[in-house]
>>> print(open('data-v5.txt').read())   # compact mmCIF, C-alpha atoms
# COMPACT_ATOMS: atom_id res chain seq x y z
CA MET S 1 61.81 64.22 91.27
CA LYS S 2 62.18 65.99 87.94
CA LYS S 3 58.99 67.98 88.53
CA LYS S 4 60.31 69.04 91.91
CA LEU S 5 63.58 70.21 90.38
CA ASP S 6 61.70 72.08 87.64
CA PHE S 7 59.52 73.76 90.26
CA ASN S 8 62.58 74.83 92.28
CA LYS S 9 64.22 76.20 89.15
CA LEU S 10 61.05 78.11 88.23
CA LEU S 11 60.83 79.52 91.75
CA VAL S 12 64.43 80.74 91.56
CA ILE S 13 63.77 82.38 88.17
CA ILE S 14 60.65 84.15 89.48
CA LEU S 15 62.51 85.35 92.56
CA ALA S 16 65.38 86.61 90.39
CA ILE S 17 62.97 88.52 88.16
CA VAL S 18 61.22 90.11 91.15
CA LEU S 19 64.52 91.16 92.71
CA SER S 20 65.79 92.51 89.39
CA LEU S 21 62.65 94.60 88.87
CA SER S 22 62.79 95.93 92.42
CA TRP S 23 66.41 96.96 91.83
CA LEU S 24 65.74 98.52 88.42
CA TYR S 25 62.55 100.38 89.40
CA PRO S 26 64.29 103.32 91.16
CA PHE S 27 66.50 103.83 88.09
CA PHE S 28 63.40 103.75 85.92
CA LEU S 29 61.79 106.47 88.06
CA ILE S 30 64.91 108.63 87.84
CA PHE S 31 64.99 108.19 84.07
CA ILE S 32 61.36 109.06 83.34
CA ASN S 33 61.30 111.98 85.78
CA SER S 34 64.35 113.52 84.14
CA PHE S 35 62.06 114.33 81.17
CA LYS S 36 59.36 116.02 83.28
CA THR S 37 58.82 119.53 84.58
CA ARG S 38 58.91 120.13 88.32
CA THR S 39 55.13 120.55 88.42
CA GLU S 40 54.55 117.22 86.70
CA ILE S 41 57.03 115.44 88.98
CA LEU S 42 55.24 116.69 92.08
CA SER S 43 51.82 115.81 90.69
CA ASN S 44 52.64 112.35 89.30
CA VAL S 45 56.06 111.01 90.21
CA ILE S 46 55.49 107.40 89.09
CA GLY S 47 53.71 108.10 85.80
CA LEU S 48 55.18 108.50 82.34
CA PRO S 49 55.82 112.10 81.20
CA GLU S 50 52.86 113.68 79.44
CA GLU S 51 55.23 115.80 77.38
CA ILE S 52 58.93 114.99 77.11
CA THR S 53 61.13 117.88 78.25
CA LEU S 54 64.77 117.76 77.09
CA ALA S 55 65.70 121.12 78.58
CA ASN S 56 66.50 119.52 81.93
CA TYR S 57 69.72 117.99 80.62
CA PRO S 58 71.54 121.13 79.42
CA ASN S 59 70.18 123.06 82.42
CA ALA S 60 71.39 120.46 84.91
CA PHE S 61 74.69 120.07 83.05
CA GLN S 62 75.39 123.78 83.39
CA ALA S 63 73.92 124.36 86.85
CA MET S 64 75.92 121.55 88.52
CA ASN S 65 79.22 122.49 86.81
CA TYR S 66 79.30 119.00 85.36
CA VAL S 67 82.64 119.33 83.58
CA SER S 68 84.43 120.52 86.73
CA GLY S 69 82.68 118.01 89.01
CA PHE S 70 83.24 115.16 86.58
CA GLY S 71 86.92 116.01 86.22
CA ASN S 72 87.44 116.17 89.98
CA SER S 73 85.59 112.89 90.50
CA VAL S 74 87.65 111.18 87.79
CA ILE S 75 90.97 112.45 89.16
CA ILE S 76 90.17 111.47 92.75
CA THR S 77 88.61 108.11 91.87
CA VAL S 78 91.29 107.00 89.40
CA ALA S 79 94.16 108.05 91.67
CA SER S 80 92.58 106.48 94.76
CA VAL S 81 91.62 103.20 93.10
CA GLY S 82 94.87 102.89 91.14
CA LEU S 83 97.07 103.36 94.20
CA THR S 84 94.79 101.12 96.28
CA VAL S 85 95.18 98.32 93.74
CA LEU S 86 98.95 98.72 93.64
CA PHE S 87 99.53 98.95 97.39
CA SER S 88 97.00 96.27 98.32
CA ALA S 89 98.22 93.71 95.80
CA MET S 90 101.85 94.25 96.80
CA ALA S 91 101.00 94.06 100.49
CA ALA S 92 98.96 90.86 100.06
CA TYR S 93 101.77 89.29 98.04
CA VAL S 94 104.37 90.00 100.71
CA LEU S 95 102.07 88.98 103.57
CA HIS S 96 101.22 85.66 101.92
CA ARG S 97 104.72 84.76 100.76
CA ARG S 98 106.36 85.63 104.09
CA ASP S 99 104.78 83.17 106.47
CA SER S 100 105.50 84.74 109.86
CA LYS S 101 103.67 85.82 112.97
CA LEU S 102 104.07 89.47 111.98
CA SER S 103 102.51 88.82 108.55
CA THR S 104 99.61 86.99 110.16
CA PHE S 105 99.09 89.82 112.64
CA ILE S 106 99.06 92.47 109.90
CA TYR S 107 96.60 90.39 107.85
CA TYR S 108 94.15 90.04 110.72
CA PHE S 109 94.69 93.69 111.64
CA CYS S 110 93.48 94.64 108.15
CA GLY S 111 90.35 92.61 108.78
CA VAL S 112 89.73 94.30 112.15
CA THR S 113 90.11 97.82 110.75
CA MET S 114 87.17 97.19 108.41
CA LEU S 115 84.94 97.17 111.49
CA ILE S 116 85.87 100.73 112.51
CA PRO S 117 83.15 103.17 111.36
CA PHE S 118 84.25 106.36 109.65
CA GLN S 119 82.17 108.50 112.03
CA ALA S 120 84.32 107.31 114.94
CA ILE S 121 87.49 108.86 113.50
CA MET S 122 85.96 111.60 111.35
CA ILE S 123 86.67 114.63 113.56
CA PRO S 124 90.28 113.83 114.57
CA LEU S 125 91.08 112.79 110.99
CA ILE S 126 89.84 116.08 109.51
CA ASN S 127 91.62 118.08 112.23
CA LEU S 128 94.89 116.25 111.55
CA PHE S 129 94.75 116.73 107.78
CA GLY S 130 93.79 120.39 108.29
CA GLN S 131 96.90 120.97 110.41
CA ILE S 132 99.16 119.65 107.63
CA ASN S 133 97.27 121.51 104.86
CA LEU S 134 95.89 118.41 103.17
CA LEU S 135 92.23 119.36 103.00
CA ASN S 136 92.36 119.10 99.21
CA ARG S 137 92.24 116.47 96.46
CA THR S 138 95.58 115.02 97.52
CA GLY S 139 94.41 114.61 101.11
CA LEU S 140 91.11 113.10 99.97
CA THR S 141 92.98 110.60 97.81
CA ILE S 142 95.15 109.57 100.76
CA MET S 143 92.06 109.13 102.95
CA ASN S 144 90.31 107.07 100.28
CA ILE S 145 93.31 104.77 100.03
CA GLY S 146 93.39 104.36 103.80
CA PHE S 147 89.71 103.43 103.95
CA SER S 148 89.92 101.08 100.94
CA VAL S 149 93.14 99.19 101.46
CA SER S 150 91.94 96.86 104.24
CA LEU S 151 89.19 95.16 102.24
CA SER S 152 91.41 95.12 99.16
CA VAL S 153 94.25 93.38 101.00
CA TYR S 154 91.72 90.90 102.37
CA LEU S 155 90.50 90.04 98.85
CA TYR S 156 93.98 89.87 97.33
CA TYR S 157 95.26 87.71 100.16
CA GLY S 158 92.47 85.21 99.60
CA ALA S 159 93.24 85.11 95.88
CA MET S 160 96.95 84.61 96.59
CA ARG S 161 96.14 81.29 98.27
CA SER S 162 95.33 79.81 94.87
CA ILE S 163 98.68 80.84 93.35
CA SER S 164 101.41 78.28 93.93
CA THR S 165 104.82 79.39 95.14
CA ASP S 166 106.28 77.18 92.42
CA LEU S 167 105.65 80.05 90.01
CA ASP S 168 107.90 82.28 92.09
CA ASP S 169 110.61 79.63 92.18
CA ALA S 170 110.42 79.03 88.44
CA ALA S 171 110.63 82.76 87.66
CA ASN S 172 113.48 83.14 90.14
CA ILE S 173 115.43 80.38 88.37
CA ASP S 174 114.93 82.27 85.10
CA GLY S 175 116.62 85.28 86.67
CA ALA S 176 113.63 87.40 87.65
CA ASN S 177 113.84 89.39 90.88
CA ARG S 178 111.02 89.81 93.37
CA ILE S 179 109.62 92.94 91.71
CA SER S 180 109.62 91.34 88.26
CA ILE S 181 107.94 88.23 89.62
CA PHE S 182 105.15 90.29 91.12
CA PHE S 183 104.42 92.52 88.12
CA ARG S 184 105.02 89.98 85.33
CA VAL S 185 103.78 86.75 86.91
CA ILE S 186 101.56 87.33 89.95
CA LEU S 187 99.66 90.52 89.10
CA PRO S 188 98.34 89.27 85.71
CA ILE S 189 96.97 86.16 87.43
CA LEU S 190 95.15 88.40 89.92
CA LYS S 191 93.19 90.17 87.17
CA PRO S 192 89.70 89.01 88.31
CA THR S 193 90.43 90.14 91.88
CA THR S 194 91.84 93.42 90.59
CA VAL S 195 88.64 94.07 88.65
CA THR S 196 86.60 93.33 91.78
CA VAL S 197 88.70 95.77 93.81
CA ILE S 198 88.30 98.42 91.10
CA ILE S 199 84.51 98.04 90.99
CA LEU S 200 83.93 97.96 94.75
CA ASN S 201 86.23 100.87 95.58
CA GLY S 202 85.44 102.81 92.41
CA MET S 203 81.70 102.84 93.10
CA LYS S 204 82.24 103.72 96.76
CA ILE S 205 84.62 106.61 96.07
CA TRP S 206 82.69 107.96 93.08
CA ASN S 207 79.39 108.07 95.00
CA ASP S 208 80.82 109.26 98.32
CA TYR S 209 79.38 112.50 99.68
CA LEU S 210 80.31 112.75 103.38
CA LEU S 211 84.10 112.59 103.14
CA PRO S 212 84.44 114.95 100.13
CA SER S 213 82.05 117.40 101.79
CA LEU S 214 84.50 117.65 104.70
CA VAL S 215 87.67 117.81 102.61
CA VAL S 216 87.10 119.38 99.18
CA ASN S 217 83.89 121.37 99.58
CA GLN S 218 85.43 124.42 97.93
CA GLN S 219 84.64 125.95 94.55
CA GLY S 220 86.63 124.25 91.81
CA MET S 221 87.40 121.09 93.80
CA ARG S 222 83.90 119.67 94.32
CA THR S 223 83.02 116.20 93.09
CA LEU S 224 79.75 115.33 91.32
CA PRO S 225 77.88 114.32 94.52
CA LEU S 226 78.76 117.71 96.02
CA GLU S 227 77.64 119.56 92.91
CA LEU S 228 74.30 117.70 93.04
CA TYR S 229 73.64 119.16 96.48
CA SER S 230 73.30 122.63 94.90
CA PHE S 231 69.82 121.63 93.67
CA PHE S 232 68.56 121.14 97.25
CA GLY S 233 67.87 124.53 98.83
CA GLU S 234 66.58 125.52 102.24
CA PHE S 235 63.07 126.30 101.02
CA THR S 236 62.80 124.54 97.66
CA THR S 237 64.23 121.61 95.73
CA GLN S 238 64.78 121.63 92.00
CA TRP S 239 63.64 118.06 91.51
CA GLU S 240 63.72 118.13 87.72
CA LEU S 241 67.38 119.20 87.73
CA ALA S 242 68.33 117.05 90.73
CA LEU S 243 67.03 113.84 89.14
CA THR S 244 68.59 114.70 85.80
CA GLY S 245 71.90 115.50 87.46
CA LEU S 246 71.72 112.27 89.43
CA LEU S 247 71.27 110.32 86.20
CA LEU S 248 74.26 112.08 84.64
CA ALA S 249 76.33 111.29 87.72
CA ILE S 250 75.59 107.56 87.90
CA ILE S 251 75.97 106.78 84.19
CA PRO S 252 79.82 106.51 84.36
CA VAL S 253 79.63 104.03 87.26
CA ILE S 254 77.02 101.92 85.47
CA LEU S 255 79.16 101.82 82.33
CA LEU S 256 82.19 100.79 84.41
CA PHE S 257 80.27 97.95 86.04
CA ILE S 258 78.81 96.71 82.74
CA SER S 259 82.22 96.69 81.06
CA LEU S 260 83.88 94.75 83.90
CA GLN S 261 81.04 92.60 85.21
CA LYS S 262 82.29 89.36 83.60
CA TYR S 263 85.33 89.47 85.89
CA PHE S 264 83.44 90.59 89.00
CA ILE S 265 81.99 87.26 90.20
CA ALA S 266 85.24 85.43 89.52
CA GLY S 267 87.14 87.98 91.56
CA ILE S 268 84.72 87.75 94.48
CA SER S 269 85.07 83.95 94.47
CA GLU S 270 88.86 84.06 94.41
CA GLY S 271 89.09 86.67 97.11
CA SER S 272 86.56 85.32 99.59
CA LEU S 273 85.72 81.63 99.17
CA LYS S 274 89.36 80.62 99.43
CA MET S 275 90.02 82.40 102.71
>>> encode(input="data-v5.txt", output="structure tokens")
Amino acid sequence: MKKKLDFNKLLVIILAIVLSLSWLYPFFLIFINSFKTRTEILSNVIGLPEEITLANYPNAFQAMNYVSGFGNSVIITVASVGLTVLFSAMAAYVLHRRDSKLSTFIYYFCGVTMLIPFQAIMIPLINLFGQINLLNRTGLTIMNIGFSVSLSVYLYYGAMRSISTDLDDAANIDGANRISIFFRVILPILKPTTVTVIILNGMKIWNDYLLPSLVVNQQGMRTLPLELYSFFGEFTTQWELALTGLLLAIIPVILLFISLQKYFIAGISEGSLKM
């Protein structure tokens, strides 16, 4: 029996290693090719660089307007994720604490809206925001919140099931109102779920290309994914700059995930397994 358990454990470890390598390999290719010339990339894309070229980094940094793109991405992502966290957590709190048919309907409605593909509402949405002059960073932030809030409410609502209403009653006896109870008692307990919401929505919004290309594809408002597209021309592709720019664009997201990963699994468990 022990040998069988050891074999199963070994099999799981081998499978985990294989999956990890398959996930890391594309990042490895991006990294090594960022130090190559275009000729070397086209001749040997999977090999190590024969001669390390550092010029790609300053060239890509300047060509893709990294400072402008990075600033726009940060503003849009932070505003979208921050407001999504606030609105979703408050909505889930009210929906869970007010046990009514309307609350139940709104909760399930949030679940249903996650099934609607963006392409189905893309054209009327862009036309509507164009008519009210919101094809800018503000409009993009509002759209991001609208597309992110359903899943976020779903996760927060699941986490709320593990928080007893006795905490609300105890805080109410101490003189706290509903707003104070939420921000001082409930929201700190929801920290793992909040981190999960930040990671999921932050990565999605930071890496998004389609929606920003329809809303903020103007000079000075472009995000990093839009700036990366400048390396792909009609007749040629600047692969050495594109891969280097891609690496510069994904580093902030990787750092965010690494810094918050210890809360990520706990948040997923609270927000999904307790539904």
>>> closest_residue(input="data-v5.txt", among="S:Asn136, S:Gln119, S:Ser20, S:Ser103", to="S:Arg222", atoms="all atoms listed in the file")
S:Asn136
>>> atom_distance(input="data-v5.txt", atom1="atom CA of S:Ile250", atom2="atom CA of S:Lys204")
11.7 Å
>>> atom_distance(input="data-v5.txt", atom1="atom CA of S:Tyr57", atom2="atom CA of S:Trp239")
12.5 Å
>>> residues_around(input="data-v5.txt", residues="S:Val78", least_positions_apart="5", cutoff="9 Å", atoms="only C-alpha atoms", output="ChimeraX atom specification")
/S:73,83,202
>>> residues_near_point(input="data-v5.txt", point="(81.8, 108.8, 85.7)", cutoff="10 Å", atoms="all atoms listed in the file", output="list of chain:residue names")
S:Gly69, S:Phe70, S:Gly71, S:Ser73, S:Val74, S:Thr77, S:Gly202, S:Met203, S:Trp206, S:Asn207, S:Leu224, S:Leu248, S:Ala249, S:Ile250, S:Ile251, S:Pro252, S:Val253, S:Ile254, S:Leu255, S:Leu256
>>> residues_around(input="data-v5.txt", residues="S:Ile186", least_positions_apart="5", cutoff="10 Å", atoms="only C-alpha atoms", output="ChimeraX atom specification")
/S:89-90,93,160,163-164,167-168,179-181,191
>>> atom_distance(input="data-v5.txt", atom1="atom CA of S:Gly220", atom2="atom CA of S:Arg137")
10.7 Å
>>> closest_residue(input="data-v5.txt", among="S:Val45, S:Leu11, S:Gly111, S:Ala159", to="S:Val197", atoms="all atoms listed in the file")
S:Ala159
>>> closest_residue(input="data-v5.txt", among="S:Asp166, S:Leu246, S:Gln261, S:Leu241", to="S:Ile198", atoms="all atoms listed in the file")
S:Gln261
>>> axis_aligned_box(input="data-v5.txt", around="stretch 120-137 of chain S", padding_each_side="8 Å", output="JSON")
{"center_x": 91.7, "center_y": 114.4, "center_z": 105.7, "size_x": 30.8, "size_y": 30.2, "size_z": 34.5}
>>> residues_around(input="data-v5.txt", residues="S:Gly146", least_positions_apart="5", cutoff="10 Å", atoms="all atoms listed in the file", output="JSON list (two decimals) with C-alpha atoms, keeping the file's coordinate frame")
[["chain", "number", "residue", "atom", "x", "y", "z"],
["S", 80, "SER", "CA", 92.58, 106.48, 94.76],
["S", 84, "THR", "CA", 94.79, 101.12, 96.28],
["S", 140, "LEU", "CA", 91.11, 113.10, 99.97],
["S", 141, "THR", "CA", 92.98, 110.60, 97.81]]
>>> closest_atom_pairs(input="data-v5.txt", of="stretch 130-248 of chain S", to="stretch 25-37 of chain S", cutoff="6 Å", atoms="only C-alpha atoms", output="JSON lines")
{"residue": "S:Glu240", "atom": "CA", "partner": "S:Ser34", "partner_atom": "CA", "distance": 5.9}
{"residue": "S:Leu243", "atom": "CA", "partner": "S:Ser34", "partner_atom": "CA", "distance": 5.7}
{"residue": "S:Thr244", "atom": "CA", "partner": "S:Ser34", "partner_atom": "CA", "distance": 4.7}
>>> closest_residue(input="data-v5.txt", among="S:Met122, S:Ile41, S:Leu190, S:Met64", to="S:Pro225", atoms="all atoms listed in the file")
S:Met64
>>> decode(input="data-v5.txt", residues="stretch 210-232 of chain S", atoms="C-alpha atoms", output="mmCIF file, in the first residue's frame")
data_model
loop_
_atom_site.group_PDB
_atom_site.id
_atom_site.type_symbol
_atom_site.label_atom_id
_atom_site.label_comp_id
_atom_site.auth_asym_id
_atom_site.auth_seq_id
_atom_site.Cartn_x
_atom_site.Cartn_y
_atom_site.Cartn_z
ATOM 1 C CA LEU S 210 -9.455 44.248 -28.213
ATOM 2 C CA LEU S 211 -11.433 46.605 -25.972
ATOM 3 C CA PRO S 212 -8.703 49.287 -25.664
ATOM 4 C CA SER S 213 -8.154 49.153 -29.426
ATOM 5 C CA LEU S 214 -11.792 50.172 -29.886
ATOM 6 C CA VAL S 215 -11.878 52.815 -27.162
ATOM 7 C CA VAL S 216 -8.471 54.454 -26.590
ATOM 8 C CA ASN S 217 -6.551 53.774 -29.799
ATOM 9 C CA GLN S 218 -5.436 57.393 -30.040
ATOM 10 C CA GLN S 219 -1.969 58.843 -29.589
ATOM 11 C CA GLY S 220 -1.272 59.541 -25.935
ATOM 12 C CA MET S 221 -3.986 57.225 -24.575
ATOM 13 C CA ARG S 222 -2.737 53.836 -25.802
ATOM 14 C CA THR S 223 -2.014 51.045 -23.348
ATOM 15 C CA LEU S 224 1.041 48.773 -23.542
ATOM 16 C CA PRO S 225 -0.681 46.049 -25.640
ATOM 17 C CA LEU S 226 -1.638 48.714 -28.187
ATOM 18 C CA GLU S 227 1.885 50.122 -28.265
ATOM 19 C CA LEU S 228 3.252 46.618 -28.902
ATOM 20 C CA TYR S 229 1.199 46.410 -32.090
ATOM 21 C CA SER S 230 3.403 49.120 -33.642
ATOM 22 C CA PHE S 231 6.122 46.481 -34.163
ATOM 23 C CA PHE S 232 3.874 44.443 -36.483
#
